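Data block below; observations after.
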There are 2 protein chains.
Amino acid sequence: MSKRLWQITEFPFQPERLQHFETIFAIGNGYLSARASFEEGHEGDRPATLVHGIFNNAPGEAVPELAVAPNWLPLRITIDGTPFTIQTKAREYLRPAGGIVLGYRRTLHLDRATLRREVLFRAESGSTVRLEFERFASLDQHHILGQRLIITTLDSAPTIRINADLEHVPDNDVGHWTCANAAADTDQISWTAVTSQSGYRIALASRLIAPGCVESAVEENRATLATTFQLEPGQAATVDKLTSIYTSRDVADPLAATLLLNSAEADAYDALYEQHCRRWQEVWDSSDFVIEGDDKAQIALRFAAYHLLIAAPREDDDVSIGARTLSGLGYKGHVFWDTELFALPPLTLTQPNIARNLLAYRYKRLAGARQKAKEYGCAGALFPWESTDTGLETTPQWSDPQPDGSRIRIWTGDTEQHICSDIAYAVLQYWRWTGDDAFLCAMGAEIVLDTAVFWGERVEAKDCRYEISCQIGPDEYHENINNSVFTNRLAQWHLEQALKLLGWLADNAPDTARRLVKSLDLSEMRLARWQDVVDKMYIPFDRERQLHIQFDGFFDLEYIPVLDYQPRVGGIWPFLGHERALRSQVIKQADVVMLMALLGEEVGPREVMLNNFKTYYPRTDHGSSLSPAIHAWVAARLGLDEIAYEMFEQAAATDLENNQGNVADGIHAAACGGLWQAALFGFCGLHLTEDGPQVDPKLPAHWRRVSFSVTYRGEKHRFDVVNPAV
Amino acid sequence: MSKRLWQITEFPFQPERLQHFETIFAIGNGYLSARASFEEGHEGDRPATLVHGIFNNAPGEAVPELAVAPNWLPLRITIDGTPFTIQTKAREYLRPAGGIVLGYRRTLHLDRATLRREVLFRAESGSTVRLEFERFASLDQHHILGQRLIITTLDSAPTIRINADLEHVPDNDVGHWTCANAAADTDQISWTAVTSQSGYRIALASRLIAPGCVESAVEENRATLATTFQLEPGQAATVDKLTSIYTSRDVADPLAATLLLNSAEADAYDALYEQHCRRWQEVWDSSDFVIEGDDKAQIALRFAAYHLLIAAPREDDDVSIGARTLSGLGYKGHVFWDTELFALPPLTLTQPNIARNLLAYRYKRLAGARQKAKEYGCAGALFPWESTDTGLETTPQWSDPQPDGSRIRIWTGDTEQHICSDIAYAVLQYWRWTGDDAFLCAMGAEIVLDTAVFWGERVEAKDCRYEISCQIGPDEYHENINNSVFTNRLAQWHLEQALKLLGWLADNAPDTARRLVKSLDLSEMRLARWQDVVDKMYIPFDRERQLHIQFDGFFDLEYIPVLDYQPRVGGIWPFLGHERALRSQVIKQADVVMLMALLGEEVGPREVMLNNFKTYYPRTDHGSSLSPAIHAWVAARLGLDEIAYEMFEQAAATDLENNQGNVADGIHAAACGGLWQAALFGFCGLHLTEDGPQVDPKLPAHWRRVSFSVTYRGEKHRFDVVNPAV
């Protein structure tokens, strides 16, 4: 595998992008992720290791969030007494006060999920050393984290001291952890703590394999392993720090498990790393999407896949991917529809076991969804707009303070209800692609049918038709509107699919059908109502202009020429202010366009699709990172090649170029999944036929060729698409 | 022409790279270049327009430098009274104190040598405007500079005031200009000034074509054209500023020429720009090098060619390209061997008229070269190491202060004498490729022969061989060394070529031969000595290790493992200090390797070439930007594919990624030319045979295909090389 299009490099150090790189250079293995903070720390950094499922509602906080785990990264290094840091600037090179960084390069290796950093450092004494850092979160053994430092002296014999620590991360002092306990054994240190509200126990243990006599100690804020040694000129020393980590979600006694694992693996860095790389090779064999003719797109797509793959739970079907993955604290680690409609579909196609885990997470939270529906006065299941470990609605009701100090009421937790159908869509897509009838019968059907039960009750019969009032569609700039075409049409589709599904179950899995009919009360009357809704759902449509109306009264709002608000970072919402945006036609993200992505030609004939796109595209400000990739996908299908590629580029730049301005808070999981889907479903036109998966390519003109694999019903199908346009 | 690989973009604004972008986004037309400073100015900027040939030795300065021309860029804009600037940061978006930049994008269009900047700006009043700036230095009419601003209001009716200025740039207050005079006519403003020592007169005149009533005025430090107008919501206004410029190098009365040209062209922006683009299309038709399979390399190569093409004098054979082009003040605009051996060869192959101008510049300065040889006690011509308008040696004798305050003696002006042969090499290469016998007879032969006269006298007969003591080779870390293998071998080659050339002239241009024999005193005795030198020149060589010795005693110096000093920006010289570097084997740049690039297999058999490369490559710190590309070239020829591509990437990153850390001072002309040569001569193996140009490709494995044209004896030869390795 040539390395050329598998690497992203920072050279030289870019201090103004410190937090951006912390996010995009995060490593992970589906069990946890760690932001790319320096081993020695740095002013303004935001170190965070986030472990799937470890939510906590800290005292005084409105909602739970992922608790930042204890920090396992620290390696404090002194060279002849000079502490190694990146921040020093000295004008004198030969004996620099405070030391000086002579060179710096950091590279994320996507192919093997490894972060490497090389630094040339000169201490005050004049000693120059080369430091090579490497870190990985083992994909083979999810509870093991590996760090290696190779330190080479160039022309002197410096004394090197290394402290390898485990320590608490202040995490904004919201008080997630209690009972923190640091311990020092003869050859390892450990750290245990308990989340303050949810009571999850966590344990980490570290071992240091290094020259010199390694000693352990507990200091005020940390447990530490220390060693001191001297090197001869030209000599290199290898220092390995191996950390194991467990929580009470994994085992009954995390500390015991941690200590046991860590002592077993203490000297096995090379073997661990080799296995890690082998596992990644297997992952890429299934998930890589190769583009010839566009290096930037190639790297961006691999980068997007990488971040989904390190965030996606591989061995845990009780957690899901948050909107910002595990790479930052944006949206507090909460799970949105971003997972099911953006991140999940490419995994369904390439890593179906992971997709199944993600869907099982929802299944296991049907109780919370039923409670929410009940609070809403309906039977069935209404999944929360923001979901954590509990399955309860965790959307905050008020925003953080705006520039003028006011807070804005957030309605999405109340009225953005299309989440039900988004999840049902993902379940059915998974089932169609995998043929996993066992999952369908055990979990999937119940999700689809019980959310259908909710819709059946939620819709409002009015004047011989059904309406849905007071909703928020994907375009969240418009709140509590009536008859969102996205929501109405998807609810209609959902009920139609539910009826079909029930028919399939009756024929193919009668026990399941009977069980669900009974437990979900799928009475004849209820099913008849579903059919009536399918027949009579109101879909706002302008017959004269032959296009869908995003919601009732949309075109009566103020028109704002969004495309003129260029260039910019993020959307134009901040430029308009909340009140004006509410009263304008500015759309946050693909909404009617999203519907066309999901349902394709079921939405209408090509003419209507084109009218829709040409109407809504220039009104959309892409204030959400979910938007550009979906526009790319739909534009590609409609033959709007130039817009398709432009939107693809914009989606690709979301995290890599920080074009929303907020990557410090984490990777945009939906942008990653959207980009991958734009390539698969948009440019390649991947779709299922009776004969299995087929493509209908509309590649960008300069893409000479793409190749990728998808798994259909357990069999790998390889596509190699040569662009006829080249 | 697809735009994709022809653009370099800054998005969003990157303040920490302000001066870097000022350099790399410079525009020019071979008459002048202008750094990419903002129209409205910015804190920390270094605006500079440099016009070829306008050198001045300011009072108290050791050497002359290019004088920064008056600034023609300023456009001061206020929106409802808020001055437009990029630097404002406001937290309040709706009515931002001091105004706020809502968005920023700047793009250099390499295909049409145009710089564009788009800004979304909101004034304190709340008015939002979109500003689109465009600028170009006409390739069709070299004395015309075009600026366009399109200002669009989005949702208000702001009052816009624009001032278009001509003003003096302080240029560090060294006092280059006297007699500055600003004038305001009814419809244009002008600025005239005279360089303080050299007496060059310069004149600029500007006209503003804009809505409102344009009025002119002279203010304290500027001449200005001002207009005020109001726009309706959604309305756009076009503001064109056209500036013409002449110096006394061009015409007797620069002001008259300037005013006349400017009034003739005042409303012709569109027509001017169209012609400009057409001319660039022609240029690229001859000079583009297309790479398929490596987008980054493609952009880097176009970028390199662009910067040579905007710096290269198209209609002036009395100026040459400085080491930092016209894009910055590094090396004060002085001309080094960088021109003849790095920048010039690709122009010889693709734009031979420009190459001829550059060589004519040297011919016209033979008087200075003869004076220098004479001062050295020799007949013949010894070109100055650093050259300006006068042709006299202008290398400073002392460095700027080092960190410890001391200054270092600079010896290159005294003893880096290979410049003679470098220029002769370029002349002969030009002649071989173009078959321009007229140039040879009129100018080229005299350069080659009179520099040969110098060498014939300079060499020292010792013990039945000839030596050259006290030299500096390309590796400038080692000063005043004896028997530089580069210098000795090139002098030997030079004398051999001189003898051949004289033979050719005798046969084919006997009048020229007679004239030169007489004027240069090419006596039988002198020619016999040349032949003796050719036969007996001492070339330091280690027979046992079968490799060349860079100079006498090189391997007795301290060995330093240069490759371990990674990563870094620039060379390791600053890390070692001057004294230690002098006593070490650390090599600044391709030296023996440079010789192998120039003479190829004439240097020795493949085994020796490989030994040389493998010996000198790990000792070279590439402290000069001239180095990596030459290593790429030679490594490619030797089949060292990995090193070849790595060095190519390093060369490509010189200016784009600022990997020497000093791009603020200007583009590295030699890195640009070197990169282009590495592609042509290295990877493609372009060479001349009796049947004309041929290739012998050793393309990087992932380059699928390259195509380019070269002009050989007036005919265009197109090469389309498909990589057999793909």
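Every chain in the structure tokens takes a letter, A first, then B, and so on in the order presented; its residues are numbered from 1, and the ligands are numbered from 1 following the presented order.
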I'd like the contact shell of Ile291 (chain A) - 10 Å cut-off, only C-alpha atoms, skipping same-chain residues fewer than 5 positions apart - returned as a list in words. Lys296, Ala297, Gln298, Ile299, Leu301, Arg302, Ala679, Trp703, Arg704, Arg705, Val706, Ser707, Phe708 and Val721 of chain A
Taking only C-alpha atoms into account, report as a ChimeraX atom specification which residues of chain B lie within 8 Å of chain A. /B:12,91-94,102-105,118-120,130,154,292-296,403-404,561,564-569,574-577
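One distance worth recording is that between CA of Phe551 (chain A) and CA of Asn483 (chain A), which is 5.2 Å.
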Going by DSSP on the backbone, which bits of region 227-384 of chain A are strand (DSSP E)? Write them as an MDAnalysis selection string, please. chainID A and resid 227:230 236:247 289:292
Can you spit out the residues from that selection as a tab-separated table (two decimals), in the first residue's frame, using N, CA and C atoms?
```
chain	number	residue	atom	x	y	z
A	227	THR	N	12.04	7.45	35.38
A	227	THR	CA	13.35	6.84	35.16
A	227	THR	C	14.33	7.90	34.71
A	228	THR	N	15.60	7.69	35.03
A	228	THR	CA	16.64	8.62	34.61
A	228	THR	C	17.76	7.79	33.98
A	229	PHE	N	18.25	8.24	32.86
A	229	PHE	CA	19.35	7.50	32.23
A	229	PHE	C	20.18	8.45	31.38
A	230	GLN	N	21.35	7.99	31.02
A	230	GLN	CA	22.21	8.81	30.18
A	230	GLN	C	22.46	8.09	28.87
A	236	ALA	N	20.44	5.69	20.80
A	236	ALA	CA	18.99	5.86	20.84
A	236	ALA	C	18.42	4.99	21.96
A	237	ALA	N	17.41	5.51	22.63
A	237	ALA	CA	16.72	4.73	23.65
A	237	ALA	C	15.26	4.63	23.28
A	238	THR	N	14.68	3.47	23.54
A	238	THR	CA	13.27	3.28	23.28
A	238	THR	C	12.52	3.23	24.60
A	239	VAL	N	11.47	4.04	24.69
A	239	VAL	CA	10.67	4.11	25.89
A	239	VAL	C	9.24	3.76	25.51
A	240	ASP	N	8.71	2.69	26.07
A	240	ASP	CA	7.33	2.30	25.77
A	240	ASP	C	6.47	2.53	26.99
A	241	LYS	N	5.34	3.13	26.78
A	241	LYS	CA	4.34	3.26	27.85
A	241	LYS	C	3.10	2.51	27.40
A	242	LEU	N	2.72	1.51	28.16
A	242	LEU	CA	1.54	0.74	27.80
A	242	LEU	C	0.49	0.97	28.88
A	243	THR	N	-0.70	1.31	28.43
A	243	THR	CA	-1.77	1.60	29.36
A	243	THR	C	-2.95	0.70	29.04
A	244	SER	N	-3.55	0.16	30.09
A	244	SER	CA	-4.78	-0.59	29.86
A	244	SER	C	-5.92	0.13	30.56
A	245	ILE	N	-7.08	-0.08	30.06
A	245	ILE	CA	-8.23	0.68	30.56
A	245	ILE	C	-9.49	-0.18	30.50
A	246	TYR	N	-10.25	-0.16	31.57
A	246	TYR	CA	-11.54	-0.83	31.63
A	246	TYR	C	-12.52	0.07	32.39
A	247	THR	N	-13.79	-0.16	32.14
A	247	THR	CA	-14.80	0.50	32.96
A	247	THR	C	-15.76	-0.57	33.48
A	289	PHE	N	-12.18	3.34	-0.23
A	289	PHE	CA	-12.78	3.80	-1.48
A	289	PHE	C	-11.66	4.50	-2.25
A	290	VAL	N	-11.26	3.91	-3.35
A	290	VAL	CA	-10.10	4.40	-4.08
A	290	VAL	C	-10.54	5.31	-5.21
A	291	ILE	N	-9.95	6.49	-5.24
A	291	ILE	CA	-10.23	7.45	-6.31
A	291	ILE	C	-8.94	7.68	-7.09
A	292	GLU	N	-8.98	7.50	-8.37
A	292	GLU	CA	-7.83	7.86	-9.19
A	292	GLU	C	-8.15	9.15	-9.94
```
Leaving out Pro540 (chain A) and any residue of its chain fewer than 2 positions from it, which residues lie within 6 Å of it when counting only C-alpha atoms, given as a PyMOL selection string? chain A and resi 485+548-549
Using N, CA and C atoms, can you write the selected residues to a file as a compact mmCIF listing (two decimals), in the first residue's frame?
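Done, and the output landed in selection_4.txt:
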```
# COMPACT_ATOMS: atom_id res chain seq x y z
N VAL A 485 -42.47 19.06 4.58
CA VAL A 485 -42.60 18.06 3.51
C VAL A 485 -41.68 16.87 3.79
N HIS A 548 -41.98 20.93 -4.51
CA HIS A 548 -42.45 20.76 -3.15
C HIS A 548 -42.25 22.04 -2.35
N ILE A 549 -43.15 22.24 -1.41
CA ILE A 549 -43.07 23.42 -0.54
C ILE A 549 -42.54 22.94 0.81
```
Output as a tab-separated table one row per residue of region 517-544 of chain B within 12 Å of region 604-627 of chain B: the closest atom pair and its distance in Å to one decimal place, counting only C-alpha atoms, sorted by chain and residue number ascending.
```
residue	atom	partner	partner_atom	distance
B:Ile539	CA	B:Gly604	CA	11.4
B:Phe541	CA	B:Val608	CA	9.9
B:Asp542	CA	B:Val608	CA	10.1
B:Arg543	CA	B:Val608	CA	9.9
B:Glu544	CA	B:Val608	CA	11.1
```
For CA of Ala498 (chain B) and CA of Phe383 (chain B), the interatomic separation in Å (one decimal): 16.7 Å
